[in-house]
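Okay, run-v8.tsv now, which holds TSV, C-alpha atoms:
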```
chain	number	residue	atom	x	y	z
N	53	MET	CA	18.58	-0.55	-4.85
N	54	PRO	CA	18.97	-1.90	-8.41
N	55	ARG	CA	17.45	-5.29	-7.52
N	56	ALA	CA	14.97	-4.16	-4.87
N	57	PRO	CA	12.09	-6.63	-4.26
N	58	LEU	CA	9.48	-3.87	-3.99
N	59	VAL	CA	6.34	-4.45	-6.10
N	60	LEU	CA	3.67	-2.10	-4.68
N	61	VAL	CA	3.46	1.15	-2.70
N	62	VAL	CA	0.21	2.66	-1.41
N	63	ALA	CA	-0.38	5.97	0.34
N	64	GLN	CA	-3.92	6.20	1.70
N	65	VAL	CA	-5.86	8.99	3.37
N	66	ARG	CA	-9.07	8.10	5.20
N	67	PHE	CA	-11.68	10.69	6.13
N	68	SER	CA	-15.23	10.92	7.40
N	69	PRO	CA	-17.68	9.95	4.62
N	70	ILE	CA	-18.52	12.51	1.95
N	71	GLU	CA	-21.93	11.14	1.00
N	72	ASP	CA	-22.38	13.29	-2.11
N	73	ILE	CA	-18.86	12.78	-3.46
N	74	ASP	CA	-20.22	11.23	-6.68
N	75	LYS	CA	-21.37	14.65	-7.88
N	76	TYR	CA	-17.72	15.80	-8.00
N	77	ILE	CA	-16.47	12.83	-10.04
N	78	PRO	CA	-17.17	14.21	-13.57
N	79	ALA	CA	-15.20	17.39	-12.81
N	80	ILE	CA	-12.36	15.42	-11.17
N	81	LYS	CA	-12.26	13.07	-14.17
N	82	ALA	CA	-11.91	16.02	-16.55
N	83	LYS	CA	-9.24	17.60	-14.37
N	84	LEU	CA	-7.11	14.44	-14.22
N	85	ARG	CA	-7.61	13.39	-17.84
N	86	THR	CA	-4.14	14.45	-19.05
N	87	SER	CA	-2.13	12.65	-16.36
N	88	TYR	CA	-4.57	9.80	-15.69
N	89	PRO	CA	-6.48	9.10	-18.92
N	90	TYR	CA	-7.95	5.73	-17.88
N	91	PHE	CA	-11.10	5.89	-15.78
N	92	ASP	CA	-13.04	3.06	-14.19
N	93	THR	CA	-15.51	2.44	-11.39
N	94	CYS	CA	-15.93	-0.49	-9.02
N	95	HIS	CA	-18.79	-1.43	-6.71
N	96	LEU	CA	-17.77	-3.37	-3.60
N	97	GLN	CA	-19.87	-5.11	-1.00
N	98	GLN	CA	-18.98	-4.23	2.58
N	99	ILE	CA	-20.01	-6.50	5.46
N	100	THR	CA	-20.67	-4.85	8.83
N	101	MET	CA	-21.40	-6.80	12.01
N	102	ILE	CA	-24.52	-5.56	13.85
N	103	ASP	CA	-26.42	-6.78	16.92
N	104	ASN	CA	-28.78	-9.10	15.04
N	105	GLY	CA	-26.41	-10.34	12.36
N	106	VAL	CA	-24.63	-8.71	9.44
N	107	GLN	CA	-25.39	-5.73	7.26
N	108	LEU	CA	-24.39	-5.47	3.60
N	109	SER	CA	-23.69	-2.12	2.05
N	110	GLY	CA	-22.25	-1.03	-1.28
N	111	ILE	CA	-19.09	1.02	-1.68
N	112	GLU	CA	-18.25	2.73	-4.94
N	113	GLN	CA	-14.65	3.39	-5.94
N	114	TRP	CA	-13.38	5.53	-8.80
N	115	PHE	CA	-10.04	4.68	-10.45
N	116	PHE	CA	-7.92	7.23	-12.35
N	117	THR	CA	-4.96	5.45	-13.99
N	118	ASP	CA	-1.93	6.67	-15.94
N	119	ARG	CA	-1.11	5.67	-19.53
N	120	LEU	CA	1.27	2.85	-18.60
N	121	LYS	CA	-1.08	1.54	-15.90
N	122	GLN	CA	1.69	1.80	-13.33
N	123	THR	CA	0.15	4.42	-11.04
N	124	ASN	CA	-3.41	5.26	-10.17
N	125	LEU	CA	-5.56	7.29	-7.82
N	126	VAL	CA	-8.47	5.60	-6.09
N	127	LEU	CA	-11.23	7.71	-4.60
N	128	SER	CA	-14.25	6.66	-2.54
N	129	LYS	CA	-16.60	8.50	-0.21
N	130	HIS	CA	-14.27	7.86	2.73
N	131	SER	CA	-10.75	7.39	1.30
N	132	PHE	CA	-8.20	8.49	-1.25
N	133	ALA	CA	-5.16	6.43	-2.28
N	134	VAL	CA	-2.21	6.65	-4.62
N	135	ASN	CA	-1.07	3.18	-5.75
N	136	THR	CA	2.08	2.59	-7.77
N	137	VAL	CA	4.14	-0.28	-9.13
N	138	ASN	CA	6.67	2.22	-10.49
N	139	TYR	CA	8.61	3.31	-7.41
N	140	ASN	CA	12.24	4.40	-7.27
N	141	THR	CA	12.56	6.57	-4.18
N	142	PHE	CA	10.20	8.11	-1.66
N	143	ASP	CA	11.38	11.58	-2.72
N	144	GLU	CA	10.08	10.83	-6.24
N	145	TYR	CA	6.85	9.23	-5.02
N	146	LEU	CA	5.77	11.97	-2.60
N	147	PRO	CA	5.34	14.64	-5.32
N	148	LYS	CA	2.91	12.29	-7.09
N	149	VAL	CA	0.79	12.20	-3.96
N	150	TYR	CA	1.01	15.97	-3.55
N	151	SER	CA	0.14	16.66	-7.18
N	152	ALA	CA	-2.84	14.29	-7.09
N	153	MET	CA	-4.22	15.86	-3.93
N	154	GLU	CA	-3.67	19.33	-5.34
N	155	GLU	CA	-5.56	18.52	-8.55
N	156	ILE	CA	-8.51	17.04	-6.68
N	157	SER	CA	-8.50	19.86	-4.12
N	158	THR	CA	-9.26	22.39	-6.83
N	159	ILE	CA	-12.66	20.70	-7.15
N	160	LEU	CA	-13.21	18.97	-3.82
N	161	ASN	CA	-12.29	21.03	-0.77
N	162	TRP	CA	-11.44	18.19	1.60
N	163	ALA	CA	-11.40	20.27	4.79
N	164	ASP	CA	-14.84	21.74	4.13
N	165	CYS	CA	-16.37	18.36	3.31
N	166	ALA	CA	-14.85	15.95	5.81
N	167	THR	CA	-12.61	15.30	8.82
N	168	LEU	CA	-9.21	13.68	8.43
N	169	GLU	CA	-9.19	10.29	10.21
N	170	GLN	CA	-6.09	8.29	9.25
N	171	VAL	CA	-3.02	8.36	7.03
N	172	SER	CA	-1.29	5.11	6.00
N	173	LEU	CA	1.72	4.08	3.97
N	174	ARG	CA	2.14	0.52	2.69
N	175	TYR	CA	5.09	-1.27	1.08
N	176	VAL	CA	4.80	-4.77	-0.42
N	177	ASP	CA	7.95	-6.75	-1.30
N	178	TRP	CA	8.18	-10.08	-3.13
N	179	ILE	CA	11.39	-11.71	-1.94
N	180	TYR	CA	12.66	-14.26	-4.47
N	181	PRO	CA	15.78	-16.44	-4.32
N	182	LEU	CA	18.69	-14.63	-5.97
N	183	ASP	CA	22.30	-15.56	-6.70
N	184	GLY	CA	21.79	-19.00	-5.18
N	185	VAL	CA	20.44	-17.56	-1.92
N	186	SER	CA	17.03	-18.92	-0.85
N	187	SER	CA	14.17	-16.57	0.01
N	188	GLU	CA	14.31	-17.85	3.62
N	189	ARG	CA	17.92	-16.70	3.94
N	190	MET	CA	16.82	-13.26	2.76
N	191	ILE	CA	14.89	-12.77	6.04
N	192	LYS	CA	16.52	-12.86	9.47
N	193	ASP	CA	15.62	-15.99	11.44
N	194	GLU	CA	13.97	-14.10	14.30
N	195	TYR	CA	11.40	-12.65	11.88
N	196	LEU	CA	10.66	-15.93	10.15
N	197	GLY	CA	10.01	-17.68	13.44
N	198	GLY	CA	11.39	-20.79	11.80
N	199	TYR	CA	7.98	-21.19	10.15
N	200	LEU	CA	7.28	-23.90	12.78
N	201	ASP	CA	4.80	-23.83	15.66
N	202	ASP	CA	5.16	-25.71	18.98
N	203	ASP	CA	3.87	-28.92	17.38
N	204	GLY	CA	6.34	-28.79	14.53
N	205	VAL	CA	3.70	-27.70	12.04
N	206	GLN	CA	4.99	-25.41	9.33
N	207	LEU	CA	3.76	-21.85	9.63
N	208	ARG	CA	3.30	-19.79	6.51
N	209	GLN	CA	2.71	-16.42	8.18
N	210	VAL	CA	4.24	-14.25	10.89
N	211	ILE	CA	2.46	-11.06	11.98
N	212	LEU	CA	4.24	-8.32	13.93
N	213	GLU	CA	2.63	-5.19	15.35
N	214	ARG	CA	4.38	-2.39	17.13
N	215	LYS	CA	3.47	1.11	18.24
N	216	THR	CA	5.66	3.92	17.03
N	217	SER	CA	6.74	7.23	18.50
N	218	LEU	CA	4.56	8.89	15.89
N	219	GLY	CA	1.45	7.58	17.66
N	220	GLY	CA	0.74	5.04	14.98
N	221	VAL	CA	1.14	1.31	14.49
N	222	VAL	CA	3.30	-0.64	12.03
N	223	ARG	CA	1.75	-3.96	11.03
N	224	THR	CA	4.18	-6.28	9.29
N	225	ILE	CA	3.14	-9.56	7.67
N	226	ILE	CA	5.80	-12.02	6.51
N	227	TYR	CA	4.39	-15.00	4.69
N	228	ARG	CA	4.74	-17.57	1.94
N	229	PRO	CA	1.56	-17.84	-0.14
N	230	ASN	CA	0.10	-21.33	-0.54
N	231	ASN	CA	-0.63	-20.51	-4.16
N	232	PRO	CA	1.68	-17.73	-5.39
N	233	GLN	CA	-0.68	-16.99	-8.28
N	234	VAL	CA	-3.34	-15.86	-5.79
N	235	VAL	CA	-1.31	-12.80	-4.81
N	236	LEU	CA	-1.64	-11.46	-8.34
N	237	GLY	CA	-5.33	-10.93	-7.66
N	238	GLU	CA	-4.51	-7.83	-5.65
N	239	PHE	CA	-2.99	-6.16	-8.69
N	240	GLN	CA	-6.08	-7.01	-10.69
N	241	SER	CA	-8.25	-5.39	-8.02
N	242	ILE	CA	-6.28	-2.14	-8.10
N	243	ARG	CA	-6.18	-2.22	-11.92
N	244	LEU	CA	-2.42	-1.85	-12.33
N	245	ASN	CA	-0.02	-3.86	-14.44
N	246	GLN	CA	1.04	-7.01	-12.64
N	247	PRO	CA	4.69	-7.35	-11.63
N	248	LYS	CA	6.78	-9.99	-13.37
N	249	PHE	CA	6.03	-13.36	-11.85
N	250	THR	CA	8.48	-16.28	-11.83
N	251	GLU	CA	6.39	-19.42	-12.27
N	252	GLY	CA	7.11	-22.27	-9.86
N	253	THR	CA	9.50	-20.26	-7.67
N	254	SER	CA	8.83	-20.08	-3.94
N	255	PHE	CA	8.99	-16.58	-2.52
N	256	ILE	CA	8.23	-14.67	0.66
N	257	ILE	CA	6.02	-11.61	0.86
N	258	LEU	CA	7.00	-8.79	3.20
N	259	ASP	CA	3.98	-6.51	3.65
N	260	MET	CA	4.45	-3.44	5.87
N	261	VAL	CA	1.73	-0.90	6.69
N	262	HIS	CA	2.35	2.08	8.97
N	263	SER	CA	-0.89	3.86	9.94
N	264	LYS	CA	-1.48	6.89	12.13
N	265	PRO	CA	-4.85	8.09	13.47
N	266	THR	CA	-5.24	11.77	12.59
N	267	GLN	CA	-8.68	12.74	13.90
N	268	GLY	CA	-8.75	16.43	14.71
N	269	GLU	CA	-5.56	17.19	12.78
N	270	ASP	CA	-5.37	19.59	9.84
N	271	PHE	CA	-6.84	18.29	6.60
N	272	THR	CA	-4.25	19.98	4.40
N	273	ARG	CA	-1.90	18.64	1.77
N	274	ASP	CA	1.20	19.88	3.58
N	275	HIS	CA	0.20	18.22	6.84
N	276	ILE	CA	-0.67	14.92	5.16
N	277	LEU	CA	2.66	14.88	3.30
N	278	SER	CA	4.45	15.60	6.56
N	279	VAL	CA	2.71	12.62	8.19
N	280	LEU	CA	3.61	10.41	5.21
N	281	GLU	CA	7.26	11.39	5.56
N	282	SER	CA	7.21	10.36	9.21
N	283	LEU	CA	5.45	7.08	8.37
N	284	HIS	CA	8.07	6.36	5.73
N	285	ASP	CA	10.96	6.86	8.15
N	286	GLU	CA	9.71	4.04	10.39
N	287	VAL	CA	8.94	1.65	7.51
N	288	ASP	CA	12.37	2.35	6.03
N	289	ARG	CA	14.00	1.53	9.37
N	290	LEU	CA	12.13	-1.77	9.58
N	291	PHE	CA	12.99	-2.69	6.02
N	292	LYS	CA	16.66	-2.28	6.89
N	293	GLN	CA	16.14	-4.42	9.99
N	294	ILE	CA	14.01	-7.42	8.88
N	295	PRO	CA	15.85	-8.69	5.76
N	296	SER	CA	19.29	-10.21	6.28
N	297	GLN	CA	22.55	-8.42	5.51
N	298	GLU	CA	23.06	-10.94	2.73
N	299	ALA	CA	19.74	-9.89	1.15
N	300	HIS	CA	20.62	-6.21	1.25
N	301	ARG	CA	24.02	-6.94	-0.31
N	302	ILE	CA	22.37	-8.86	-3.16
N	303	TRP	CA	19.68	-6.24	-3.78
N	304	GLU	CA	22.26	-3.45	-3.89
N	305	LYS	CA	24.22	-5.17	-6.69
N	306	GLU	CA	23.68	-4.05	-10.24
N	307	ALA	CA	21.50	-6.47	-12.21
N	308	GLU	CA	23.53	-8.63	-14.57
```
Spit out the file's structure as structure tokens when you get a sec.
Amino acid sequence: MPRAPLVLVVAQVRFSPIEDIDKYIPAIKAKLRTSYPYFDTCHLQQITMIDNGVQLSGIEQWFFTDRLKQTNLVLSKHSFAVNTVNYNTFDEYLPKVYSAMEEISTILNWADCATLEQVSLRYVDWIYPLDGVSSERMIKDEYLGGYLDDDGVQLRQVILERKTSLGGVVRTIIYRPNNPQVVLGEFQSIRLNQPKFTEGTSFIILDMVHSKPTQGEDFTRDHILSVLESLHDEVDRLFKQIPSQEAHRIWEKEAE
């Protein structure tokens, strides 16, 4: 769609922890240097609830980013993701995921090191008013819930979860951010160029994640890509269902 509201796509593979993964990073960095010349690391604090309180632990992430800072690969000891703000079609995006996994596989043999646990696909849309049509009219009423609870208090978020025939779950969040600028923080955290932001304009975020547990399944590129294709089919169906027909008509028009 020429005026599609899509701003971020993420394909993520989770696996059992590879505790010594840091020793592979220099070789992976050298391997990816041509396609992903920018390299960065990030240390995160993870909070885990235990019997006598909470436990803090550090998680290290490695970012490999392309020249335009539109796509990157994020690797940690228990996950691998391909993030992009430059998405046209799924058929163009999937080869990026395959190529990235293939490059890393020449150094890190996933199947020998870990067990595949989950594959996820996420689509984030920023739905702005267009052609005089408000962002609320872009979403069907039954998915907005009227943004009112039983006491007449305005709701800013609707969460939908449904199981799929694939054996996974689609979690859809539809919300209006209290402070639209806050949502830009996510793009800073994944170190990609921020999408164009219209100051002072109210918009709705449609955030869809389809995840499938894969424990015991083959940890191969072909199998993971096959799962991603199946995940995409369900997300694509929901995207056609949740926005209004008016929204789809507007997004399919050529930009003026």
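Going from CA of Lys215 (chain N) over to CA of His262 (chain N), you cover 9.4 Å.
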From the options N:Tyr175, N:Trp303, N:Tyr180, N:Phe291, which residue's atoms come nearest to Leu60 (chain N), counting only C-alpha atoms?
N:Tyr175
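Every protein or nucleic acid residue with an atom no more than 8 Å from Arg273 (chain N), counting all atoms listed in the file and leaving out same-chain residues fewer than 4 positions away, appears here: Tyr150, Met153, Glu154 and Leu277 of chain N.
CA of Leu120 (chain N) is found 8.0 Å from CA of Asn245 (chain N).
Here CA of Gln209 (chain N) is placed at a distance of 27.2 Å from CA of Ser282 (chain N).
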Would you mind listing what lies within 10 Å of Thr167 (chain N) as an MDAnalysis selection string, with all atoms listed in the file counted and same-chain residues fewer than 2 positions away left out?
chainID N and resid 66:70 130 162:165 169:170 266:271
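Residues surrounding Cys94 (chain N) within 12 Å are N:Phe91, N:Asp92, N:Leu96, N:Gln97, N:Gly110, N:Ile111, N:Glu112, N:Gln113, N:Trp114, N:Phe115, N:Phe116, N:Val126, N:Leu127, N:Ser128, N:Gln240, N:Ser241, N:Ile242, N:Arg243 [all atoms listed in the file; sequence separation below 2 positions excluded].
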Applying 9 Å and only C-alpha atoms, which residues near Ile294 (chain N) remain after dropping the ones on its own chain fewer than 5 positions away? List them as a list in words.
Met190, Ile191, Lys192, Glu194, Tyr195 and Arg289 of chain N
Looking at only C-alpha atoms, which of N:Leu236, N:Leu212, N:Ala152, N:Val287 is the one that sits closest to Lys83 (chain N)?
N:Ala152
Around (9.2, -11.3, -1.6) in the file's frame, which residues reach within 10 Å when counting only C-alpha atoms? Return as a ChimeraX atom specification?
/N:56-59,176-181,187-188,190-191,226-228,254-259
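With distances taken over all atoms listed in the file, N:Leu283 is the one residue among N:Arg55, N:Leu168, N:Leu283, N:Leu125 lying closest to Thr216 (chain N).
Candidate residues N:Val149, N:Ala133, N:Val261, N:Ile156 were compared for distance to Lys81 (chain N), and the nearest is N:Ile156, using all atoms listed in the file.
With distances restricted to all atoms listed in the file, N:Asp118 is the closest residue to Arg85 (chain N) from N:Asp118, N:Pro54, N:Val61, N:Arg301.
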Residues within 9 Å of Glu213 (chain N), please, as number ranges by chain. Count all atoms listed in the file; anything in the same chain fewer than 2 positions from it doesn't count.
N: 211, 215, 221-225
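Of the residues listed (N:Thr158, N:Thr93, N:Thr123, N:Ser217), N:Thr158 shows the shortest atom-to-atom separation from Ile80 (chain N); distances use only C-alpha atoms.
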Box for region 160-166 of chain N: with edges along x, y and z, all listed atoms inside and 8 Å added on each side, what are the centre and edge lengths in Å to one decimal, as JSON?
```
{"center_x": -13.9, "center_y": 18.8, "center_z": 1.0, "size_x": 21.0, "size_y": 21.8, "size_z": 25.6}
```
